[in-house]
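**Student:** Handing you this structure, nothing more for now.
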There are 2 protein chains.
Amino acid sequence: MLMRTSLYWGLILLLAPGTAKAQPMLGFTDQGAAAQRALEQQFDALLSTDNLRTWMRQMTTKPQHVGSPHAKANAEFMVSLFTAWGYKAELAEYHVLLPTPLERHVEMLEPEPFVAKLIEPDLEEDATSAIREDRLPPYNAYAADGDVTAPLVYVNQGLPRDYEVLRQHGIDVVGKIVIARYGGSWRGLKPKLAAARGAVGCILYSDPRDDGYFQGDVYPKGPYRMGYGTQRGSVLDMPQFPGDPLTPGYGATPDAERLPLEEAQGLMPIPVLPIGYADAEPLLRALEGPVAPAAWRGALPLTYHIGPGPARVHLKLRFSWDIVPAYNVIAVMEGSTYPDEWVIRGNHRDGWVFGAADPISGMVAVMEEARAVGVLAQEGQRPKRTIVYAGWDAEEPGLLGSTEWAEHNASTLREKAVIYINSDGNGRGFLSAGGSHTLERLVNEVASTVTDPQTGVMVKDRLRARRRVAGDAEVGAQGDLRIAPLGSGSDYSPFLQHLAIASLNIGFGGENGGGSYHSAYDSYDHYTRFQDPGFAYGRALAQVAGRLTLRMANAEILPLRMDNWVFQVQKYVTELSELITTMREETQRHNSLLDAGAFTLASDPRKSFVAPLAKDPVPHLNLAPLHNSLAAVTESAQAFDAAMETYGNRLSQERKQALNGLLMQLERAMSRDEGLPGRPWYRHHIYAPGLLTGYGVKTLPGVREAIESRDWVEAEQQAVIAAGVLDRVSDLLTRARAILEGA
Amino acid sequence: MLMRTSLYWGLILLLAPGTAKAQPMLGFTDQGAAAQRALEQQFDALLSTDNLRTWMRQMTTKPQHVGSPHAKANAEFMVSLFTAWGYKAELAEYHVLLPTPLERHVEMLEPEPFVAKLIEPDLEEDATSAIREDRLPPYNAYAADGDVTAPLVYVNQGLPRDYEVLRQHGIDVVGKIVIARYGGSWRGLKPKLAAARGAVGCILYSDPRDDGYFQGDVYPKGPYRMGYGTQRGSVLDMPQFPGDPLTPGYGATPDAERLPLEEAQGLMPIPVLPIGYADAEPLLRALEGPVAPAAWRGALPLTYHIGPGPARVHLKLRFSWDIVPAYNVIAVMEGSTYPDEWVIRGNHRDGWVFGAADPISGMVAVMEEARAVGVLAQEGQRPKRTIVYAGWDAEEPGLLGSTEWAEHNASTLREKAVIYINSDGNGRGFLSAGGSHTLERLVNEVASTVTDPQTGVMVKDRLRARRRVAGDAEVGAQGDLRIAPLGSGSDYSPFLQHLAIASLNIGFGGENGGGSYHSAYDSYDHYTRFQDPGFAYGRALAQVAGRLTLRMANAEILPLRMDNWVFQVQKYVTELSELITTMREETQRHNSLLDAGAFTLASDPRKSFVAPLAKDPVPHLNLAPLHNSLAAVTESAQAFDAAMETYGNRLSQERKQALNGLLMQLERAMSRDEGLPGRPWYRHHIYAPGLLTGYGVKTLPGVREAIESRDWVEAEQQAVIAAGVLDRVSDLLTRARAILEGA
C-alpha cells in the first residue's frame, strides 16, 4: 500500500469537521470548543512536510553533539526562525561537564590476539557517513578513565537477575572485565551493577539479535545495525543524579559554583566502552566456561559461553573532561489572557552524531508546530496562555540542557508551568503517549481528531486496533486508551519528576524498526529511506502536539480528568498488594524447594551449580493507610469530575482563574520536597524511573521499591508517605470542587 | 561432581532393602512382595556396565541400518547371546520396502550458483566417521523420486500455523520448493503439508538454533550438531499408515502378497531431502521477500526472509526401491506358571548409521536385563509369565520390524500379551516414562526403588525435584508422578495403538543434550564422551525396565491401578470442554476484530498483508454422553480399586486367574476394531498420535481432532463413540469387581 498523497489529505480535511463536531472538548464550553476546532483546522492547513524535510536536511549535515560548532549553528538557526515567526527567542546557555574520548583501546591478549577496530566505516549509500570532522567516536559518556587488563566474563544484559544466574554457576566478576549486551534496561545500570560487584571494566555491545541482522536487513540494505554500527550513550547515574554532574540541583549557569571533578555526582567508577558486534564476536568466541542460558544467547554464529576467560582483555580509555557550553533554544509566545500560565513544549536538538531520527525528526515537528502557531498569532489568534517552545541541548549526555534550565528556573516553573509536552524524535506507525494520567482524557480527545496518514482513520482508532489485535485485555471497542506512566530517558524527567509539572511524552512509531540508534548512521539518508520517508508522521506529530499545546493554552478550565488518574492509581495500589502476595508465595515455594534439596537434585552434577540462598519470609504488611487514602481520593476525584460536568460550563471568569490556579498545583501535590528515599532530586511520588531499571518506570516508587528490595519496615513507612500524598491530592480536589460548586 | 563409583554402588545396595521394605507392591501379597524384592536385589547385583560398553562398541563398528550386513551380524550376535542365556531365540524375518538413494542433488541456480555438498565429513576425533562402506548418506526414506527446479520458499517448521503466516503475507507454495527447519513436529508432516499445498519439492534442514551451536559447542568439541551433521529420517505417512507400505495391516512375511509399488500406502508424493546448516545457509541467505516473523528465525548469521526466491533451486533425487530383509530378534523365556501370558520388552536395534545412542544404548540395556533374567531363571527363579525380549529391525524407516511382527502375530498377541515395555535409546539424567495410565502406579512404585546413579536418591525423587523446580503445578512433595500419554515415534505404537496392549515407553535423559540424532556422528565415541559415559544410566534403565518386566511377569494379580487412569481421563474430558470454550471465545474475538477492520489497521501498510478469514462460530456441543460415561467409569474404577484393596490379598488361585484374564483385556476395551475416523489401523480411543502432530499424542483423539478440525457433527458422534469405549471399560471393571467380591 502506498503512502497517501496530499490530494487525499485534502479530502480528509474536508470530511473531518462534520464527524469531529459531535466530540466533547475537555476544558472548553461548547462555544469555546467550536472556536478551538476552527482554530485547529486552520492550524492543520498551515503544516507542511516540506519544511520538516528541509530543516532536517540542514540540521543533520554535520555532527551536532553538545559543544560542537554545528550544534551552535543549529541553535542560532532555530533562534532566527522562531524570531521570524514572532517569538521572543533566545539561547539559554549552561556550561556542563562533557567528557570526550582522547584514547579508546580494546585488545584481546589471550587466547589469541585481536584488536577491536572501534570504527564506523564510510558507506557510499550514506552521504554523511564519511564526515569525520567534529565527530565523536563511539563511547559512553561519563565512563571512567582507565587502563585495565583482566579476564572477560559475559554477563548477558548485566541486570540483577543475570547476576543470580552467575551466582548459580559459582562465577563472580571481581577483578574481571564484563561484556554485556545492550537491552533490557538503561545502559548505565549495566556498568553500575558490574562495578558494584567488583568488575574493573565493562564492554557494552549491540548483539545482532537485538537490533542487527536477526531483526532485519542491515544498513545500507535495510535499516538494521551493521557489524560496526555502535550505540553511543551516557552512563551517568541518571536514576540517582541527572543533569550536570558538577552543579547538582541548581542551574549550571556560566558563573555557577561548580564541584571539583573528583566530587562530581553520578560518574561511573569504571571504564566502559560500547562496541559493534563485529568487534564483539572474536571476544565472545574466545570465552569458555558454562554455556550461557538460552535467554542470554544472541544471534552471533557461536556458542555463547559465560567465561571467565580464557579471553583476557586490555581495555584502555582516556577522556578530556571538558566543560562545554550547552545552548537551549527558548522561544516564548506570551499569552494574551494568562501570560503567567505556561505551556511548555520541547524536544532536544543535540544528537550523538548527525542525529536525524534522534532528535531532529521530533525537533522539526516542534518547529513546524511553532511556525503554525506563530502564523495564527500573527493573524490575531494569539494563545491565551504563554507557550514556551524549547530545543534542548545536551540531552544525550544526561538530560543536561533541560535539567539545568529546569533547575535554574525552578521556582518560576513551579509557579507558572501548567504542562510540559515532550517528544524525542519521531517515527512511523502508531501514536505512543505517556505521562500524567490527569491528562489521559485530553490525549484521547486529541487522538480522536488527528488522521493517521497511512490508513485515513483517526490515530486513536488505529492504536486501538493495534492493542486489540495484540490481545490487550484492557482495550475494548470503546473507551479511553491508557497512556503509559513515565520513567526517565528524555527531557520530561526534570519537569515531571523533579518539579512535578504535569507532563506528556509523545511520538509515533512501531513501523520504523531499525538499528541506527546513537550511531553515525542515524542520518538524513537513513531516516528518509526507512523511518518516515514522506514526513507524514512528522506532520501528524505536529498535529497531535499542536492540539495538545493549543488546547492547554486556550482552555477555559485546565483540561484535567481525575477519573483516568484514579483508575491508574487504584491499579498501582492493587499491584502492590499482588506483588507482596506473589513474593510471599514465591518465597515459600523457593524455601520449601531449597529445604527439599530440589534445586540441587534437579541440576546436572556434571555442571557447576551453586544452590540459591534461602529468602527471608514475606510478612503481611500494613498498607491500610494507603488503601484508606485511596478510598478518600477516589471519592474526591469522582466528586470533582461530577462538579466539573455540572458547573464547569457556567463558571464565572474569576472562579475559573481561581480553579485553574489550583489545578496547576495538582501534580505538585503528588510530590514531596524531601524526594524519594535515597534520591531527593526525584520528588514525584506516583512516577519515578526505577533505581534498578534506569529508564523503566516504577509507580508508587517509594513503596514499590521498598517491597522489591524486601525492606518491609521502609515499605510500611513509605505506604504512610504515599497515603499522605494522596491526601494532599484529595484536599486540593475538595477545594477545587468548592470553587465549582460555589458557582 | 563426579560419577559414583561401583564401590559406592555396593553401599547403596546394602542400605536399600531396609528402606524399601515398607513400600507396598501392587499385584503382590506381602509374602509375594518380599520374595520379589529379594529377587530384584539379586537382579541388580547381576547388572554390569562393562557388558553395556562392550556390546555397544561391537554393535556400532559399522553402519547397521535395516538390510545392511552389520545389521544382520548384530541380529545373529544377539540370537547367540540370548540362546546362551537360556532363551529360545530366533530371527523373525520380514521383507520390507526400503528406498535408498541412488542420486541426491541440490543446487541453487539463481541468484548465484551453489551446489550443496550433502556430505558428513570425516573427523579425527570420531573413529567410525570415516567408514563409508555400507553407509547410507543423509536422506529421507520414502521421499519421491523427482527432478524439480523452482523458486524457494522458507516455511519455518512447515506446520499448519506457519501456512497461516504465509497466507497473511499473500505467499503460497504452489509450484515452489519449500525449505523447512526440523523441529516442532514429526518431520514427515512437513513435506506432507507442503505437498498438499502444491509444493513440488521439500528441503529439510537442521537449524543451529535447534541442535547446533546455539545450544552448545558443536561436535567434536561438544555434543551438538556441526554444519554438515545431517538428520536422516523417515517421511512415511506414519500417523496414517505405519509399517511396510506394501503390506498394510498384515505381516510382511517373505511370501506375503504385496501391493505393487504404485499402490504403496503412505509414500511421500514429492522429493524431500535433509541437509545440514552449512548447506542451508547459502540458500536461506539468497531469499528475499518479507522478513520472517521472530519465531521463525534461527541462529544462522543472516536475516531470515520468506521468499519466494530469488533463490531458484534444482532438487534431484532418485532412489532404489528395494525390498530388503528385516530381522527382528525374538527371545522367549517361557513362564513357569502362566506361559500364555506374555510380557514383551523391546527396543529397536537398527540405526540410521552407527546408531550408538539411537538405538544401541537402549538395546544393550535390554540385553543386560535379559542376561540377568536368564541367570536368575537358571538359578531356579524362572518368571511365572512368559517374557519375550525383542530387538526390532527397521524401526527407523517407519516402525517396520515391530509393526510387521505385531500384525503377523496379531491374534496371538491380542490374546496373550499383558504388556509391552519399550525403550528407544538411553541418556543421562532423569527418568522419562510414558504409557498406559493403568500402569502409572506401577511405574511410580518401581521408580521409588531404583537409585539415581549421580545423586544417590531414588530416580522418582530426582524426577519430582526436577518437576517441582520447573514449576509443574501438579507435582507436590508427595504422591504419584504422572506419566505421559503416548503418541508415536517408536515401537510401542503397533502394540498400544493397533493391538491395544497396555504399553510403556521408558528411558533416561535430560542431561545428555546434543545434536548427533540420525547423523553419522551418533557413534560410540560421541556416546561415551557426551551421553552416558560410564553407562551408569544404561544400568539404571536395566534396573527400571527389569523391575517392570519381572513384576509384570511374577505378579499374583496384574498390577493395574484404575485411580491413576481415571484421573487422566477426567483431565482429558475437561480439556475437551475447555478447548471448545477457548475456541468459541477466540473465534468471537477474531471475528469481532475482523469486523472492526482491526487486523488491517494494525498492520504496516508498507508490508504485504492479507487479513485472515472469518471463522465459523463454535456452537455448544453435546458432550453429555461422554460426561455420563465418565461418571460411570469413575465409579466403577473406584469400586474396583477398593475391591482390590479389600479382597486382592485373599483371592483363590482360580479367581486370580479369572481376574487376570479379564485385566489382560482391559486396554483392549479402550479400542475399537473400526479404528479412528479415517485411519482404521489406529484402534486405541484414548491415545493416538495426532494426524497433524505426527509423534505428538492426542488424547481422546476421535473427539479432540474433530473439534480441532471444527467438524462439530463428527465431534458429537465421536463423543458418543468415546462414551461407548468408557462404558466397555466400566463393564469390564464391574465384572472384575464381581470376581474380587465373590472371593
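Here, A, B, ... name the chains of the C-alpha cells in the order displayed, residue numbers run from 1 inside each chain, and ligands are numbered from 1 in the same displayed order.
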For Leu550 (chain A), work out the shell of residues within 10 Å, counting only C-alpha atoms and skipping chain neighbours fewer than 5 positions away, then give it as a list in words.
**Tutor:** Gln36, Leu39, Glu40, Phe43, Val343, Val373, Arg382, Pro383, Lys384, Arg385, Ile387, Val544, Ala545 and Ala555 of chain A
**Student:** Which neighbours of Pro397 (chain B) fall inside 8 Å, counting only C-alpha atoms, when residues of the same chain fewer than 5 positions from it are skipped, and could you give them as a PyMOL selection string?
**Tutor:** chain B and resi 98+141+233-234+236
**Student:** Keeping only C-alpha atoms, take the residues you just selected and write them out as a short mmCIF file (atom, residue, chain, number, x, y, z; two decimals), in the first residue's frame.
**Tutor:**
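Printed below is part_21.cif as written:
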```cif
data_model
loop_
_atom_site.label_atom_id
_atom_site.label_comp_id
_atom_site.auth_asym_id
_atom_site.auth_seq_id
_atom_site.Cartn_x
_atom_site.Cartn_y
_atom_site.Cartn_z
CA LEU B 98 13.33 -49.71 1.75
CA ALA B 141 13.12 -42.54 3.47
CA GLY B 233 14.72 -39.87 8.87
CA SER B 234 11.56 -41.35 7.52
CA LEU B 236 6.43 -42.26 5.60
#
```
**Student:** Output the contact residues of chain B with respect to chain A at a cut-off of 8 Å, based on only C-alpha atoms, as a tab-separated table (two decimals) with C-alpha atoms, in the first residue's frame.
**Tutor:**
```tsv
chain	number	residue	atom	x	y	z
B	1	MET	CA	30.51	-33.67	40.92
B	2	LEU	CA	31.98	-36.95	39.74
B	213	TYR	CA	25.94	-24.06	18.07
B	214	PHE	CA	23.10	-22.03	19.58
B	215	GLN	CA	22.54	-24.89	22.03
B	216	GLY	CA	26.17	-25.65	22.82
B	217	ASP	CA	29.57	-26.46	21.40
B	291	VAL	CA	11.40	-10.82	6.81
B	294	ALA	CA	10.71	-13.59	15.03
B	297	ARG	CA	14.25	-17.11	12.79
B	299	ALA	CA	20.65	-18.94	14.57
B	300	LEU	CA	22.33	-18.54	11.21
B	301	PRO	CA	24.04	-15.17	10.89
B	302	LEU	CA	21.62	-13.71	8.39
B	303	THR	CA	18.24	-12.10	8.12
B	304	TYR	CA	15.67	-14.85	7.60
B	429	GLY	CA	19.66	-37.62	33.89
B	454	GLN	CA	24.58	-39.47	40.12
B	455	THR	CA	22.82	-38.28	43.25
B	462	ARG	CA	15.07	-36.79	41.45
B	463	LEU	CA	12.32	-36.55	38.84
B	465	ALA	CA	12.65	-32.40	42.27
B	466	ARG	CA	13.04	-31.54	38.61
B	468	ARG	CA	8.88	-29.04	41.14
B	469	VAL	CA	11.76	-26.75	40.27
B	511	GLU	CA	21.35	-34.16	30.73
B	593	LEU	CA	-11.64	-7.78	15.30
B	597	GLY	CA	-11.04	-3.96	10.39
B	598	ALA	CA	-8.58	-4.14	13.27
B	599	PHE	CA	-6.17	-6.63	11.66
B	601	LEU	CA	-5.44	-1.21	10.73
B	602	ALA	CA	-2.86	-2.85	12.98
B	603	SER	CA	-0.72	-3.92	10.05
B	604	ASP	CA	2.01	-1.92	8.37
B	605	PRO	CA	0.66	-0.63	5.04
B	606	ARG	CA	4.18	-0.77	3.58
B	607	LYS	CA	4.28	-4.52	4.07
B	608	SER	CA	2.25	-7.20	2.39
```
**Student:** Which of region 33-153 of chain B end up as strand (DSSP E) when DSSP is run on this backbone - answer as an MDAnalysis selection string?
**Tutor:** chainID B and resid 88:110 114:115 140:141 146:153
**Student:** Keeping C-alpha atoms for every residue in the selection just given, could you write it to a file as a short mmCIF file (atom, residue, chain, number, x, y, z; two decimals), in the first residue's frame?
**Tutor:**
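As written to disk, out.cif reads:
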```cif
data_model
loop_
_atom_site.label_atom_id
_atom_site.label_comp_id
_atom_site.auth_asym_id
_atom_site.auth_seq_id
_atom_site.Cartn_x
_atom_site.Cartn_y
_atom_site.Cartn_z
CA LYS B 88 14.53 -69.69 22.84
CA ALA B 89 15.87 -67.11 20.42
CA GLU B 90 15.30 -66.70 16.72
CA LEU B 91 15.16 -64.23 13.90
CA ALA B 92 11.70 -63.25 12.76
CA GLU B 93 12.24 -62.24 9.16
CA TYR B 94 10.07 -59.80 7.21
CA HIS B 95 10.68 -58.35 3.80
CA VAL B 96 10.04 -54.65 3.65
CA LEU B 97 10.22 -51.83 1.16
CA LEU B 98 13.33 -49.71 1.75
CA PRO B 99 14.21 -46.99 -0.73
CA THR B 100 17.86 -45.93 -0.60
CA PRO B 101 19.40 -43.06 -2.57
CA LEU B 102 20.95 -43.54 -5.97
CA GLU B 103 21.22 -39.83 -6.66
CA ARG B 104 20.96 -36.72 -4.47
CA HIS B 105 21.48 -33.27 -5.88
CA VAL B 106 20.65 -29.82 -4.50
CA GLU B 107 21.79 -26.85 -6.49
CA MET B 108 20.98 -23.18 -6.44
CA LEU B 109 20.78 -21.70 -9.95
CA GLU B 110 19.86 -18.12 -9.05
CA PHE B 114 25.80 -23.02 -5.32
CA VAL B 115 25.92 -26.79 -5.10
CA ASN B 140 14.51 -39.07 3.94
CA ALA B 141 13.12 -42.54 3.47
CA GLY B 146 11.98 -36.31 -8.60
CA ASP B 147 13.78 -33.73 -10.65
CA VAL B 148 12.35 -30.29 -9.97
CA THR B 149 13.54 -26.72 -10.39
CA ALA B 150 11.59 -23.98 -8.69
CA PRO B 151 11.79 -20.85 -6.56
CA LEU B 152 12.48 -21.49 -2.89
CA VAL B 153 10.17 -20.53 -0.01
#
```
**Student:** Just the number, please: distance in Å from CA of Leu159 (chain B) to CA of Lys190 (chain B), one decimal.
**Tutor:** 6.4 Å
**Student:** DSSP on the backbone: which residues in region 309-388 of chain B end up as helix (DSSP H, G or I)? Give the answer as a PyMOL selection string.
**Tutor:** chain B and resi 356-378
**Student:** Rank A:Asp522, A:Asp731, A:Glu395, A:Asp452 by their smallest atom-to-atom distance to Ser490 (chain A), using only C-alpha atoms, and report the top residue only.
**Tutor:**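 For Ser490 (chain A), the nearest of the candidates is A:Glu395.
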**Student:** Using only C-alpha atoms, can you tell me which of A:Ala632, A:Asp563, A:Leu691, A:Ala542 comes closest to Glu368 (chain A)?
**Tutor:**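 Residue with the minimum atom-to-atom distance to Glu368 (chain A): A:Ala542.
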**Student:** Rounded to one decimal, what separation in Å do you get between CA of Asn347 (chain A) and CA of Pro138 (chain A)?
**Tutor:**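 Answer for the CA of Asn347 (chain A) to CA of Pro138 (chain A) separation: 23.2 Å.
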**Student:** Would you list the contacts of Arg482 (chain A) as a PDB file with N, CA and C atoms, in the first residue's frame, taking every protein, DNA or RNA residue within 9 Å and counting only C-alpha atoms, but skipping same-chain residues closer than 5 positions in sequence?
**Tutor:**
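Result written to part.pdb:
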```
ATOM      1  N   ALA A 433       1.985   7.490  23.618  1.00  0.00           N
ATOM      2  CA  ALA A 433       1.844   8.600  24.551  1.00  0.00           C
ATOM      3  C   ALA A 433       2.013   8.103  25.975  1.00  0.00           C
ATOM      4  N   GLY A 434       2.747   8.876  26.739  1.00  0.00           N
ATOM      5  CA  GLY A 434       2.901   8.555  28.160  1.00  0.00           C
ATOM      6  C   GLY A 434       2.815   9.839  28.945  1.00  0.00           C
ATOM      7  N   HIS A 437      -1.566  11.003  34.303  1.00  0.00           N
ATOM      8  CA  HIS A 437      -2.862  10.433  33.935  1.00  0.00           C
ATOM      9  C   HIS A 437      -4.026  11.392  34.109  1.00  0.00           C
ATOM     10  N   GLU A 440      -4.825  12.034  30.576  1.00  0.00           N
ATOM     11  CA  GLU A 440      -5.120  10.902  29.697  1.00  0.00           C
ATOM     12  C   GLU A 440      -6.349  11.163  28.830  1.00  0.00           C
ATOM     13  N   ARG A 441      -7.374  11.736  29.434  1.00  0.00           N
ATOM     14  CA  ARG A 441      -8.581  12.007  28.655  1.00  0.00           C
ATOM     15  C   ARG A 441      -8.286  13.016  27.540  1.00  0.00           C
ATOM     16  N   ASN A 444      -6.678  11.369  24.703  1.00  0.00           N
ATOM     17  CA  ASN A 444      -7.663  10.596  23.953  1.00  0.00           C
ATOM     18  C   ASN A 444      -8.512  11.497  23.060  1.00  0.00           C
ATOM     19  N   GLU A 474      -7.258  -4.907  28.402  1.00  0.00           N
ATOM     20  CA  GLU A 474      -7.852  -3.659  28.898  1.00  0.00           C
ATOM     21  C   GLU A 474      -8.558  -2.870  27.798  1.00  0.00           C
ATOM     22  N   VAL A 475      -8.334  -3.251  26.551  1.00  0.00           N
ATOM     23  CA  VAL A 475      -8.835  -2.429  25.441  1.00  0.00           C
ATOM     24  C   VAL A 475     -10.045  -3.076  24.789  1.00  0.00           C
ATOM     25  N   ASN A 564      -9.546   9.177  35.094  1.00  0.00           N
ATOM     26  CA  ASN A 564      -8.474   8.385  34.486  1.00  0.00           C
ATOM     27  C   ASN A 564      -7.308   8.209  35.449  1.00  0.00           C
ATOM     28  N   GLN A 568      -5.826   4.597  37.342  1.00  0.00           N
ATOM     29  CA  GLN A 568      -4.435   4.115  37.329  1.00  0.00           C
ATOM     30  C   GLN A 568      -3.905   3.926  38.746  1.00  0.00           C
TER      31      GLN A 568
END
```
**Student:** If I take CA of Gln157 (chain B) and CA of His518 (chain B), how far is one from the other in Å, to one decimal?
**Tutor:**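 Computing the Euclidean distance for CA of Gln157 (chain B) and CA of His518 (chain B) yields 18.2 Å.
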**Student:** Excluding Ile330 (chain B) and residues on its chain fewer than 3 positions from it, collect all residues at most 12 Å away from it, counting only C-alpha atoms, and give them as an NGL selection string.
**Tutor:** :B and (75-76 or 78-83 or 87-93 or 327 or 333 or 344-349 or 367 or 370 or 387-393 or 401-402 or 405-406)
**Student:** Just want the 6 Å neighbourhood of region 65-72 of chain B, counted on only C-alpha atoms, with same-chain residues fewer than 5 positions away dropped. Output as a PyMOL selection string.
**Tutor:** chain B and resi 324-326+350-352+394
